[in-house]
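So this block is work_9.txt, compact mmCIF, C-alpha atoms and all ligand atoms:
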# COMPACT_ATOMS: atom_id res chain seq x y z
CA MET L 94 61.09 -60.27 -39.92
CA GLY L 95 60.37 -63.00 -37.38
CA LYS L 96 57.21 -63.86 -35.59
CA ILE L 97 54.35 -61.50 -34.86
CA THR L 98 50.69 -61.80 -34.02
CA LEU L 99 47.96 -59.25 -34.59
CA LYS L 100 45.12 -59.41 -32.08
CA GLY L 101 41.63 -58.17 -32.98
CA ASP L 102 38.40 -59.08 -34.79
CA ILE L 103 39.61 -60.94 -37.86
CA ILE L 104 37.49 -61.04 -41.03
CA TYR L 105 38.34 -62.59 -44.41
CA THR L 106 36.80 -64.68 -47.20
CA PRO L 107 38.32 -68.11 -47.93
CA ASP L 108 35.19 -68.63 -50.06
CA LYS L 109 33.23 -65.89 -51.68
CA ASP L 110 29.88 -66.94 -50.27
CA LYS L 111 30.52 -66.24 -46.60
CA LEU L 112 32.67 -64.00 -44.43
CA LYS L 113 34.90 -65.93 -42.07
CA ILE L 114 34.94 -64.14 -38.72
CA HIS L 115 37.18 -64.78 -35.69
CA LYS L 116 36.15 -62.50 -32.87
CA ASP L 117 38.92 -61.32 -30.56
CA SER L 118 41.58 -63.69 -31.91
CA TYR L 119 45.24 -63.79 -32.80
CA LEU L 120 46.46 -63.76 -36.42
CA ILE L 121 49.81 -65.51 -36.27
CA ILE L 122 52.44 -64.54 -38.83
CA GLU L 123 55.86 -66.06 -39.40
CA ASN L 124 58.32 -64.78 -41.99
CA GLY L 125 55.53 -62.86 -43.68
CA LEU L 126 53.17 -65.81 -43.99
CA VAL L 127 50.00 -66.64 -42.09
CA VAL L 128 50.56 -69.59 -39.76
CA GLY L 129 47.07 -69.67 -38.30
CA ILE L 130 44.41 -67.95 -36.23
CA THR L 131 43.81 -68.83 -32.57
CA LYS L 132 41.59 -67.69 -29.77
CA GLU L 133 44.27 -68.28 -27.11
CA LEU L 134 48.02 -68.09 -27.39
CA ASP L 135 49.74 -71.21 -26.06
CA SER L 136 53.20 -71.36 -24.54
CA LEU L 137 54.70 -72.14 -27.97
CA SER L 138 53.63 -68.71 -29.09
CA GLU L 139 55.37 -66.85 -26.30
CA ASP L 140 58.20 -65.72 -28.51
CA TYR L 141 55.80 -63.90 -30.83
CA GLU L 142 55.65 -60.13 -30.69
CA ILE L 143 52.01 -59.35 -29.90
CA ARG L 144 50.42 -56.26 -31.44
CA ASP L 145 47.16 -55.75 -29.61
CA PHE L 146 44.30 -54.24 -31.63
CA THR L 147 41.48 -55.49 -29.43
CA GLY L 148 38.15 -54.06 -30.64
CA LYS L 149 39.53 -53.24 -34.11
CA LEU L 150 38.91 -55.12 -37.35
CA ILE L 151 41.78 -56.97 -39.02
CA ILE L 152 41.09 -57.59 -42.71
CA PRO L 153 43.18 -58.48 -45.78
CA GLY L 154 44.73 -55.56 -47.68
CA PHE L 155 42.83 -54.45 -50.76
CA VAL L 156 43.88 -55.38 -54.29
CA ASP L 157 43.43 -53.03 -57.25
CA LEU L 158 43.59 -55.15 -60.38
CA HIS L 159 43.62 -52.27 -62.87
CA LEU L 160 44.71 -48.61 -62.79
CA HIS L 161 46.89 -46.10 -64.63
CA ALA L 162 49.53 -44.27 -62.53
CA PRO L 163 50.19 -41.44 -65.04
CA GLN L 164 46.48 -40.63 -65.19
CA TYR L 165 46.41 -39.74 -61.47
CA PRO L 166 46.49 -35.96 -62.09
CA ASN L 167 43.34 -36.37 -64.23
CA ARG L 168 41.41 -38.12 -61.47
CA GLY L 169 37.98 -36.51 -61.17
CA ILE L 170 38.28 -34.21 -64.18
CA GLY L 171 37.40 -34.62 -67.86
CA MET L 172 34.46 -36.90 -67.23
CA ASP L 173 32.31 -35.62 -70.09
CA LYS L 174 33.33 -37.95 -72.91
CA GLU L 175 33.17 -41.58 -73.93
CA LEU L 176 36.28 -43.75 -74.04
CA ILE L 177 37.86 -42.91 -77.41
CA PRO L 178 37.35 -39.11 -77.36
CA TRP L 179 38.30 -39.17 -73.66
CA LEU L 180 41.61 -40.85 -74.54
CA ASN L 181 42.30 -38.33 -77.31
CA THR L 182 41.14 -35.23 -75.46
CA TYR L 183 42.49 -35.74 -71.95
CA THR L 184 44.37 -38.94 -71.35
CA PHE L 185 47.06 -39.05 -74.02
CA ILE L 186 47.83 -35.36 -73.39
CA GLU L 187 48.56 -36.11 -69.73
CA GLU L 188 50.52 -39.30 -70.42
CA ASN L 189 52.73 -37.34 -72.86
CA LYS L 190 54.23 -35.49 -69.91
CA TYR L 191 56.03 -38.50 -68.45
CA SER L 192 59.12 -38.22 -70.60
CA ASN L 193 59.95 -35.70 -67.85
CA LEU L 194 61.26 -37.58 -64.83
CA ASP L 195 60.79 -34.72 -62.38
CA TYR L 196 57.14 -34.50 -63.28
CA SER L 197 56.87 -38.29 -63.09
CA ARG L 198 58.40 -38.40 -59.62
CA ARG L 199 56.13 -35.71 -58.24
CA VAL L 200 53.00 -37.48 -59.50
CA PHE L 201 54.13 -40.99 -58.51
CA GLU L 202 54.90 -39.90 -54.94
CA ILE L 203 51.35 -38.68 -54.48
CA PHE L 204 49.93 -41.67 -56.33
CA ILE L 205 51.75 -44.29 -54.23
CA ARG L 206 51.13 -42.41 -50.98
CA ASP L 207 47.41 -42.30 -51.76
CA LEU L 208 47.36 -46.04 -52.54
CA TRP L 209 48.94 -46.57 -49.12
CA LYS L 210 46.35 -44.31 -47.51
CA VAL L 211 43.32 -46.12 -48.92
CA GLY L 212 44.69 -49.53 -47.94
CA THR L 213 45.53 -50.87 -51.39
CA THR L 214 48.43 -53.17 -50.62
CA ARG L 215 48.77 -54.68 -54.12
CA SER L 216 47.97 -53.23 -57.50
CA VAL L 217 48.30 -54.01 -61.19
CA VAL L 218 49.40 -50.80 -62.85
CA PHE L 219 49.75 -49.30 -66.31
CA SER L 220 52.66 -46.88 -66.52
CA THR L 221 53.38 -44.88 -69.72
CA VAL L 222 55.19 -45.73 -72.94
CA PHE L 223 58.29 -44.08 -71.47
CA LEU L 224 60.87 -46.60 -70.25
CA ASN L 225 62.66 -44.41 -67.73
CA SER L 226 59.49 -43.17 -66.15
CA THR L 227 58.31 -46.77 -65.84
CA LYS L 228 61.58 -47.79 -64.17
CA LEU L 229 61.17 -44.87 -61.80
CA LEU L 230 57.63 -45.97 -60.92
CA MET L 231 58.86 -49.50 -60.21
CA ASP L 232 61.73 -48.26 -58.05
CA MET L 233 59.34 -46.03 -56.12
CA PHE L 234 56.96 -48.95 -55.51
CA ILE L 235 59.92 -50.99 -54.26
CA GLU L 236 60.91 -48.16 -51.92
CA SER L 237 57.33 -47.88 -50.60
CA GLY L 238 57.02 -51.55 -49.62
CA LEU L 239 53.69 -51.98 -51.44
CA GLY L 240 53.27 -54.81 -53.93
CA ALA L 241 52.63 -54.19 -57.64
CA TYR L 242 52.81 -55.44 -61.17
CA VAL L 243 53.87 -52.49 -63.33
CA GLY L 244 53.83 -52.40 -67.13
CA LYS L 245 55.47 -50.15 -69.67
CA VAL L 246 52.64 -49.36 -72.07
CA ASN L 247 53.13 -50.43 -75.69
CA MET L 248 51.57 -48.31 -78.45
CA ASP L 249 52.79 -48.00 -82.03
CA LYS L 250 49.73 -46.41 -83.63
CA ASN L 251 46.63 -44.31 -83.03
CA THR L 252 48.11 -42.13 -80.32
CA THR L 253 49.94 -38.78 -80.14
CA PRO L 254 53.11 -38.41 -82.26
CA ALA L 255 55.27 -38.15 -79.10
CA MET L 256 54.01 -41.49 -77.79
CA GLU L 257 53.76 -43.44 -81.04
CA GLU L 258 56.56 -45.95 -80.63
CA ASN L 259 58.72 -47.55 -83.24
CA THR L 260 57.62 -51.20 -83.09
CA GLN L 261 61.05 -52.77 -82.68
CA ARG L 262 62.16 -50.19 -80.15
CA SER L 263 58.98 -50.75 -78.14
CA LEU L 264 59.80 -54.48 -77.99
CA ARG L 265 63.47 -53.85 -77.14
CA GLU L 266 62.60 -51.47 -74.32
CA THR L 267 60.01 -53.89 -72.96
CA GLU L 268 62.60 -56.67 -72.94
CA GLU L 269 65.09 -54.38 -71.19
CA LEU L 270 62.54 -53.69 -68.47
CA LEU L 271 61.78 -57.38 -68.03
CA LEU L 272 65.44 -58.30 -67.73
CA GLU L 273 66.17 -55.54 -65.24
CA TYR L 274 63.11 -56.02 -63.02
CA MET L 275 62.09 -59.69 -63.23
CA HIS L 276 64.26 -60.62 -60.26
CA LYS L 277 64.91 -57.26 -58.67
CA SER L 278 62.11 -57.40 -56.11
CA ASP L 279 59.91 -60.02 -54.52
CA LEU L 280 56.92 -57.65 -54.41
CA VAL L 281 57.24 -55.44 -57.50
CA LYS L 282 57.28 -57.18 -60.87
CA PRO L 283 56.99 -56.27 -64.55
CA ILE L 284 53.94 -57.11 -66.66
CA ILE L 285 53.54 -57.00 -70.45
CA THR L 286 51.15 -54.14 -71.30
CA PRO L 287 49.80 -53.71 -74.83
CA ARG L 288 47.42 -50.79 -74.25
CA PHE L 289 44.62 -52.34 -76.33
CA VAL L 290 44.14 -53.63 -79.85
CA PRO L 291 43.53 -50.24 -81.57
CA THR L 292 46.90 -48.78 -80.46
CA CYS L 293 49.03 -51.83 -81.27
CA SER L 294 50.08 -53.20 -84.66
CA LYS L 295 49.81 -56.92 -85.18
CA GLU L 296 53.59 -57.10 -85.34
CA LEU L 297 53.84 -55.46 -81.92
CA LEU L 298 51.26 -57.80 -80.40
CA ILE L 299 53.07 -60.83 -81.83
CA GLY L 300 56.37 -59.61 -80.39
CA LEU L 301 54.82 -59.02 -76.97
CA GLY L 302 53.29 -62.49 -77.00
CA HIS L 303 56.76 -63.92 -77.64
CA LEU L 304 58.26 -61.91 -74.78
CA ALA L 305 55.53 -63.01 -72.37
CA HIS L 306 56.20 -66.63 -73.27
CA LYS L 307 60.01 -66.34 -73.35
CA TYR L 308 60.25 -64.83 -69.87
CA ASN L 309 57.04 -66.27 -68.43
CA VAL L 310 55.71 -62.88 -67.41
CA PRO L 311 52.04 -61.90 -67.07
CA VAL L 312 50.00 -59.76 -69.44
CA GLN L 313 47.48 -56.94 -68.93
CA SER L 314 45.33 -55.07 -71.42
CA HIS L 315 41.81 -53.74 -72.07
CA MET L 316 39.00 -55.63 -73.81
CA ASN L 317 35.33 -55.13 -74.71
CA GLU L 318 35.05 -51.91 -72.73
CA ASN L 319 33.00 -49.54 -74.83
CA ILE L 320 30.66 -50.00 -77.80
CA SER L 321 32.60 -47.72 -80.16
CA GLU L 322 35.85 -49.46 -79.21
CA VAL L 323 34.37 -52.89 -79.99
CA TYR L 324 33.20 -51.64 -83.43
CA TRP L 325 36.62 -50.16 -84.12
CA VAL L 326 38.30 -53.46 -83.32
CA LYS L 327 35.88 -55.27 -85.67
CA GLU L 328 36.86 -52.84 -88.44
CA LEU L 329 40.56 -53.39 -87.77
CA TYR L 330 40.26 -57.20 -87.80
CA PRO L 331 37.21 -58.02 -89.98
CA GLU L 332 38.39 -61.60 -90.44
CA ILE L 333 38.60 -62.39 -86.70
CA ARG L 334 35.62 -63.84 -84.82
CA ASN L 335 35.88 -61.60 -81.77
CA TYR L 336 38.11 -59.30 -79.72
CA ALA L 337 39.45 -62.03 -77.42
CA ASP L 338 40.55 -64.16 -80.38
CA ILE L 339 42.98 -61.44 -81.44
CA TYR L 340 44.81 -61.56 -78.12
CA ASP L 341 44.42 -65.33 -77.92
CA SER L 342 45.80 -66.03 -81.39
CA LEU L 343 48.87 -63.90 -80.59
CA GLY L 344 49.74 -65.54 -77.27
CA LEU L 345 48.33 -62.80 -75.06
CA PHE L 346 45.28 -64.46 -73.53
CA GLY L 347 46.22 -66.80 -70.72
CA LYS L 348 49.39 -68.43 -72.06
CA THR L 349 50.87 -66.60 -69.11
CA LYS L 350 48.78 -65.12 -66.30
CA THR L 351 46.57 -62.48 -67.91
CA VAL L 352 44.17 -59.76 -66.78
CA MET L 353 41.82 -57.92 -69.10
CA ALA L 354 40.14 -54.73 -67.89
CA HIS L 355 36.39 -54.24 -68.30
CA CYS L 356 35.08 -57.16 -70.44
CA ILE L 357 31.60 -55.64 -70.60
CA TYR L 358 30.61 -56.73 -74.10
CA ASN L 359 31.89 -60.30 -74.10
CA THR L 360 30.18 -62.79 -76.36
CA ASP L 361 29.47 -66.12 -74.69
CA ASP L 362 32.42 -67.56 -76.61
CA GLU L 363 34.73 -64.94 -75.17
CA THR L 364 33.48 -65.55 -71.64
CA GLU L 365 34.03 -69.27 -72.06
CA LEU L 366 37.52 -68.66 -73.41
CA MET L 367 38.34 -66.47 -70.41
CA ALA L 368 37.18 -69.20 -68.05
CA ASN L 369 39.04 -71.95 -69.93
CA ASN L 370 42.26 -69.93 -70.19
CA GLY L 371 42.07 -68.64 -66.60
CA VAL L 372 42.06 -65.03 -67.83
CA TYR L 373 41.04 -62.51 -65.14
CA ALA L 374 38.45 -59.81 -65.66
CA ALA L 375 39.23 -56.55 -63.85
CA HIS L 376 35.81 -55.14 -63.02
CA CYS L 377 35.98 -51.32 -62.94
CA PRO L 378 32.43 -50.14 -62.25
CA TYR L 379 33.17 -46.42 -61.71
CA SER L 380 35.14 -46.16 -64.92
CA ASN L 381 32.34 -47.92 -66.77
CA LEU L 382 29.84 -45.38 -65.42
CA ASN L 383 32.01 -42.31 -66.05
CA LEU L 384 32.90 -43.20 -69.65
CA SER L 385 29.34 -44.37 -70.44
CA SER L 386 30.83 -47.75 -71.19
CA GLY L 387 28.20 -50.03 -69.71
CA MET L 388 27.63 -52.54 -66.94
CA MET L 389 29.73 -55.67 -66.60
CA PRO L 390 27.54 -58.68 -65.76
CA ALA L 391 29.65 -59.88 -62.83
CA ARG L 392 27.17 -62.54 -61.74
CA LYS L 393 27.08 -64.06 -65.22
CA TYR L 394 30.88 -64.30 -65.26
CA LEU L 395 31.05 -65.76 -61.75
CA LYS L 396 28.58 -68.42 -62.84
CA ALA L 397 30.78 -69.13 -65.85
CA SER L 398 33.83 -69.51 -63.53
CA VAL L 399 35.67 -66.44 -64.83
CA LYS L 400 38.18 -65.11 -62.31
CA ILE L 401 37.32 -61.56 -61.29
CA GLY L 402 38.98 -58.80 -59.28
CA LEU L 403 38.14 -55.12 -58.83
CA GLY L 404 39.88 -52.14 -60.41
CA SER L 405 39.72 -48.41 -59.80
CA ASP L 406 40.84 -47.76 -63.40
CA ILE L 407 42.17 -44.35 -62.45
CA SER L 408 41.40 -41.99 -64.17
CA GLY L 409 38.46 -43.44 -66.10
CA GLY L 410 37.37 -44.20 -62.54
CA HIS L 411 37.62 -41.32 -60.08
CA GLU L 412 37.76 -43.38 -56.87
CA LEU L 413 41.08 -44.83 -55.76
CA SER L 414 39.53 -46.49 -52.72
CA ILE L 415 38.66 -50.14 -53.30
CA PRO L 416 35.88 -50.06 -50.66
CA LYS L 417 34.25 -47.31 -52.75
CA VAL L 418 34.72 -49.43 -55.87
CA MET L 419 33.11 -52.34 -53.99
CA THR L 420 29.97 -50.33 -53.29
CA ALA L 421 29.81 -49.31 -56.96
CA ALA L 422 30.17 -52.96 -57.98
CA ILE L 423 27.26 -53.92 -55.72
CA GLU L 424 25.12 -51.04 -56.99
CA ILE L 425 25.80 -51.87 -60.65
CA SER L 426 25.02 -55.54 -60.00
CA LYS L 427 21.59 -54.48 -58.74
CA MET L 428 20.92 -52.65 -61.99
CA VAL L 429 22.11 -55.66 -63.97
CA TRP L 430 19.74 -57.78 -61.89
CA LEU L 431 16.79 -55.52 -62.75
CA MET L 432 17.69 -55.33 -66.41
CA SER L 433 18.17 -59.09 -66.69
CA ASN L 434 14.59 -59.64 -65.49
CA ARG L 435 16.05 -60.71 -62.16
CA GLN L 436 18.12 -63.48 -63.72
CA TYR L 437 21.50 -62.36 -62.35
CA ASN L 438 21.30 -61.85 -58.59
CA PRO L 439 23.07 -58.82 -57.13
CA LEU L 440 26.52 -59.30 -55.62
CA THR L 441 26.55 -59.75 -51.86
CA LEU L 442 28.89 -58.00 -49.44
CA SER L 443 30.93 -61.14 -48.90
CA GLU L 444 31.24 -61.84 -52.64
CA THR L 445 32.38 -58.30 -53.28
CA PHE L 446 34.80 -58.35 -50.34
CA TYR L 447 36.18 -61.56 -51.82
CA LEU L 448 36.68 -59.90 -55.23
CA ALA L 449 38.47 -56.98 -53.52
CA THR L 450 40.83 -59.26 -51.58
CA LYS L 451 41.29 -62.92 -52.46
CA GLY L 452 39.76 -62.68 -55.95
CA GLY L 453 42.20 -60.02 -57.17
CA GLY L 454 44.89 -61.22 -54.77
CA SER L 455 45.11 -64.61 -56.45
CA PHE L 456 46.67 -62.82 -59.44
CA PHE L 457 49.69 -62.33 -57.14
CA GLY L 458 49.70 -65.89 -55.77
CA LYS L 459 48.64 -66.73 -52.22
CA VAL L 460 47.49 -63.21 -51.44
CA GLY L 461 44.27 -61.68 -50.13
CA SER L 462 43.27 -64.18 -47.45
CA PHE L 463 44.34 -65.26 -43.96
CA GLU L 464 44.39 -68.98 -44.71
CA GLU L 465 47.52 -70.82 -43.68
CA GLY L 466 50.43 -70.16 -46.02
CA TYR L 467 49.05 -66.90 -47.40
CA GLU L 468 51.33 -63.86 -47.64
CA CYS L 469 50.02 -61.71 -44.84
CA ASP L 470 48.75 -58.43 -46.28
CA ALA L 471 46.53 -56.90 -43.62
CA LEU L 472 44.77 -53.71 -42.58
CA VAL L 473 43.83 -52.75 -39.06
CA VAL L 474 40.56 -50.81 -39.16
CA ASP L 475 39.03 -48.74 -36.37
CA VAL L 476 35.34 -48.13 -37.05
CA SER L 477 34.51 -46.52 -33.69
CA ASN L 478 33.89 -43.06 -35.15
CA LEU L 479 31.32 -44.52 -37.57
CA LEU L 480 29.11 -46.05 -34.88
CA THR L 481 26.01 -44.72 -33.19
CA ASN L 482 24.31 -46.18 -30.13
CA LYS L 483 22.94 -49.10 -32.11
CA SER L 484 25.04 -52.19 -31.48
CA LEU L 485 26.42 -53.85 -34.60
CA SER L 486 27.65 -57.34 -35.38
CA LEU L 487 31.18 -57.68 -36.76
CA GLU L 488 29.75 -58.27 -40.22
CA GLU L 489 27.78 -55.05 -39.93
CA LYS L 490 30.88 -53.20 -38.73
CA LEU L 491 32.68 -54.30 -41.87
CA GLU L 492 29.72 -53.24 -43.99
CA LYS L 493 29.64 -49.86 -42.22
CA PHE L 494 33.34 -49.35 -42.97
CA ILE L 495 32.97 -50.35 -46.62
CA TYR L 496 30.00 -48.07 -47.21
CA THR L 497 30.75 -45.10 -44.95
CA GLY L 498 34.39 -45.31 -43.85
CA ASP L 499 37.51 -43.95 -45.47
CA GLU L 500 41.28 -43.98 -45.08
CA ARG L 501 41.06 -42.30 -41.67
CA ASN L 502 39.66 -45.56 -40.32
CA ILE L 503 42.73 -47.53 -41.43
CA ILE L 504 45.30 -47.37 -38.66
CA GLU L 505 47.91 -49.88 -39.88
CA ARG L 506 48.85 -51.57 -43.15
CA TYR L 507 50.94 -54.74 -43.61
CA VAL L 508 52.40 -56.26 -46.75
CA LYS L 509 53.76 -59.79 -46.42
CA GLY L 510 53.95 -59.40 -42.67
CA ILE L 511 55.80 -56.08 -42.71
CA ARG L 512 54.16 -52.95 -41.36
CA ILE L 513 54.31 -50.28 -44.07
CA GLU L 514 54.89 -46.66 -43.05
CA GLU L 515 53.53 -43.75 -45.05
CA PRO L 516 55.85 -43.60 -48.08
CA PHE L 517 58.02 -40.65 -49.14
CA MET L 518 57.60 -38.65 -45.95
N1 LIG E 601 41.52 -48.40 -73.27
C1 LIG E 601 42.72 -48.06 -73.77
N2 LIG E 601 43.38 -47.21 -72.97
C2 LIG E 601 42.56 -47.00 -71.92
C3 LIG E 601 42.69 -46.21 -70.73
O1 LIG E 601 43.67 -45.53 -70.48
N3 LIG E 601 41.63 -46.27 -69.87
C4 LIG E 601 40.53 -47.01 -70.11
N4 LIG E 601 39.55 -47.02 -69.23
N5 LIG E 601 40.40 -47.74 -71.22
C5 LIG E 601 41.40 -47.74 -72.11
FE FE E 602 42.21 -48.76 -67.97

Let me see the structure of the file written as structure tokens.
Amino acid sequence: MGKITLKGDIIYTPDKDKLKIHKDSYLIIENGLVVGITKELDSLSEDYEIRDFTGKLIIPGFVDLHLHAPQYPNRGIGMDKELIPWLNTYTFIEENKYSNLDYSRRVFEIFIRDLWKVGTTRSVVFSTVFLNSTKLLMDMFIESGLGAYVGKVNMDKNTTPAMEENTQRSLRETEELLLEYMHKSDLVKPIITPRFVPTCSKELLIGLGHLAHKYNVPVQSHMNENISEVYWVKELYPEIRNYADIYDSLGLFGKTKTVMAHCIYNTDDETELMANNGVYAAHCPYSNLNLSSGMMPARKYLKASVKIGLGSDISGGHELSIPKVMTAAIEISKMVWLMSNRQYNPLTLSETFYLATKGGGSFFGKVGSFEEGYECDALVVDVSNLLTNKSLSLEEKLEKFIYTGDERNIIERYVKGIRIEEPFM
């Protein structure tokens, strides 16, 4: 893998409050890790292979902290219902199809190729309840070179008969997946994936908590997404103080690295627990709009030191592109600002860029930044077709790309220092 440098206009966010910009500089990479950024190459650097992108932006790869691979065929359709009827009318019907491996392969090829296209270099993915289809998805991610956590969904109630798992079998299959994939790949790893409280018995949740602890693997689920869901959970667990306490009391809320999608209707206690336990919130603004779920108060959570990343939540969300999700996050934060009597300031570009890169990337370790020692996931972006005669600063060029660019502006993608070709061609 050796030593390479990428030359161009380098932009990243070590801190969320300000973009760090190195105009016309060299990003130096050794064995997949960032060694540093310099304006001039010295003689020591002569043995580096130089890839010259002068005039182009070099930014960290995007991180999608929450999406559902088997929902990809439903992207952009069936947007006329709220969460629970949406699950029952459209989503479970589609996910049922993934006992068929041919169908799975055809969808996953398009899904992974499109992730590559939009510059998502790492993602945290729900698969289906089906073990073999989940293994296939993991193998296909490994083949692509993109990074991912992938979870076999666990559901033993309140779903279609074909997907309602036997509790013990669900746990056995999850353990099989962990054992087979924990050490198979450096970039593609398993994650424990109880769908959400209403589709999991207490016995199943307890078993999954044990597995997470036993093998020290992370956890993903959904929480406090939609008003009717929150009421349903209250009915199911009348004795429990709040939604987060159910996961927490069963070892699924930060005992190992954990990400919860949505978190719109957190009580202050739940927000504090997330911060104390280091539980991530995956903010999925398009999904929250499409399913009439609500508006996550990102500023409030940032102030409370909750870790946040962005998620497309395909197919509750219709946009796979994280730059598009970024603009939605900024727009929603402006509405939250208005509705909070201007208490919670809107998110800035640099804060949102941080959430899309280093914020979500930290779920993977040292990912999402160009600080020394970070795994070098990078995109080379050519914004020239987006410009008019007006001259723009580098910050404005980034803003232009985020708001008006698309995958055609991304000319190269790197994961841990390796250039990734279009998969499955
Ligand atoms: N809650 C439980 N399952 C799902 C899902 O597939 N999508 C979303 N957005 N929320 C969920
Ligand atoms: Fe989701």

Open item on the list: Can you tell me which residues surround L:Gly409 at a distance of at most 8 Å, considering all atoms listed in the file, apart from same-chain residues fewer than 6 positions away, and format the answer as a PyMOL selection string?
Closed with: chain L and resi 168+172+379-381+383-384

Mind running chain L against ligand LIG 601 (chain E) at 9 Å and telling me each contacting residue's nearest atom pair with the distance in Å (one decimal), counting only C-alpha atoms and all ligand atoms, chain and number ascending, as JSON lines?
{"residue": "L:Leu160", "atom": "CA", "partner": "E:LIG601", "partner_atom": "N3", "distance": 8.1}
{"residue": "L:His161", "atom": "CA", "partner": "E:LIG601", "partner_atom": "O1", "distance": 6.7}
{"residue": "L:Gln164", "atom": "CA", "partner": "E:LIG601", "partner_atom": "O1", "distance": 7.7}
{"residue": "L:Leu176", "atom": "CA", "partner": "E:LIG601", "partner_atom": "N5", "distance": 6.4}
{"residue": "L:Ile177", "atom": "CA", "partner": "E:LIG601", "partner_atom": "N1", "distance": 7.8}
{"residue": "L:Trp179", "atom": "CA", "partner": "E:LIG601", "partner_atom": "N3", "distance": 8.7}
{"residue": "L:Leu180", "atom": "CA", "partner": "E:LIG601", "partner_atom": "O1", "distance": 6.5}
{"residue": "L:Thr184", "atom": "CA", "partner": "E:LIG601", "partner_atom": "O1", "distance": 6.7}
{"residue": "L:Phe185", "atom": "CA", "partner": "E:LIG601", "partner_atom": "O1", "distance": 8.1}
{"residue": "L:Phe219", "atom": "CA", "partner": "E:LIG601", "partner_atom": "O1", "distance": 8.3}
{"residue": "L:Arg288", "atom": "CA", "partner": "E:LIG601", "partner_atom": "C1", "distance": 5.5}
{"residue": "L:Phe289", "atom": "CA", "partner": "E:LIG601", "partner_atom": "C1", "distance": 5.3}
{"residue": "L:Val290", "atom": "CA", "partner": "E:LIG601", "partner_atom": "C1", "distance": 8.4}
{"residue": "L:Pro291", "atom": "CA", "partner": "E:LIG601", "partner_atom": "C1", "distance": 8.1}
{"residue": "L:Thr292", "atom": "CA", "partner": "E:LIG601", "partner_atom": "C1", "distance": 7.9}
{"residue": "L:Ser314", "atom": "CA", "partner": "E:LIG601", "partner_atom": "C1", "distance": 7.8}
{"residue": "L:His315", "atom": "CA", "partner": "E:LIG601", "partner_atom": "N1", "distance": 5.5}
{"residue": "L:Met316", "atom": "CA", "partner": "E:LIG601", "partner_atom": "N1", "distance": 7.7}
{"residue": "L:Glu318", "atom": "CA", "partner": "E:LIG601", "partner_atom": "N5", "distance": 6.9}
{"residue": "L:Asn319", "atom": "CA", "partner": "E:LIG601", "partner_atom": "N5", "distance": 8.4}
{"residue": "L:Glu322", "atom": "CA", "partner": "E:LIG601", "partner_atom": "N1", "distance": 8.3}
{"residue": "L:Ala354", "atom": "CA", "partner": "E:LIG601", "partner_atom": "N5", "distance": 7.7}
{"residue": "L:His355", "atom": "CA", "partner": "E:LIG601", "partner_atom": "N4", "distance": 7.9}
{"residue": "L:Cys377", "atom": "CA", "partner": "E:LIG601", "partner_atom": "N4", "distance": 8.4}
{"residue": "L:Ser380", "atom": "CA", "partner": "E:LIG601", "partner_atom": "N4", "distance": 6.2}
{"residue": "L:Asn381", "atom": "CA", "partner": "E:LIG601", "partner_atom": "N4", "distance": 7.7}
{"residue": "L:Leu384", "atom": "CA", "partner": "E:LIG601", "partner_atom": "N4", "distance": 7.7}
{"residue": "L:Ser386", "atom": "CA", "partner": "E:LIG601", "partner_atom": "N4", "distance": 9.0}
{"residue": "L:Asp406", "atom": "CA", "partner": "E:LIG601", "partner_atom": "N4", "distance": 6.0}
{"residue": "L:Ile407", "atom": "CA", "partner": "E:LIG601", "partner_atom": "N3", "distance": 7.7}
{"residue": "L:Ser408", "atom": "CA", "partner": "E:LIG601", "partner_atom": "N3", "distance": 7.1}
{"residue": "L:Gly409", "atom": "CA", "partner": "E:LIG601", "partner_atom": "N4", "distance": 4.9}
{"residue": "L:Gly410", "atom": "CA", "partner": "E:LIG601", "partner_atom": "N4", "distance": 7.6}

Task: Contact residues around L:Thr253 with only C-alpha atoms at 9 Å, ignoring same-chain residues under 3 positions, as a PyMOL selection string - done: chain L and resi 181+185-186+189+250+256-257

Open item on the list: Just the number, please: distance in Å from atom CA of L:Lys348 to atom CA of L:Val399, one decimal.
Closed with: 15.6 Å

Task: Using only C-alpha atoms: which of L:Ala374, L:Ile285, L:Cys293, L:Ile203 has the shortest distance to L:Glu515 - done: L:Ile203
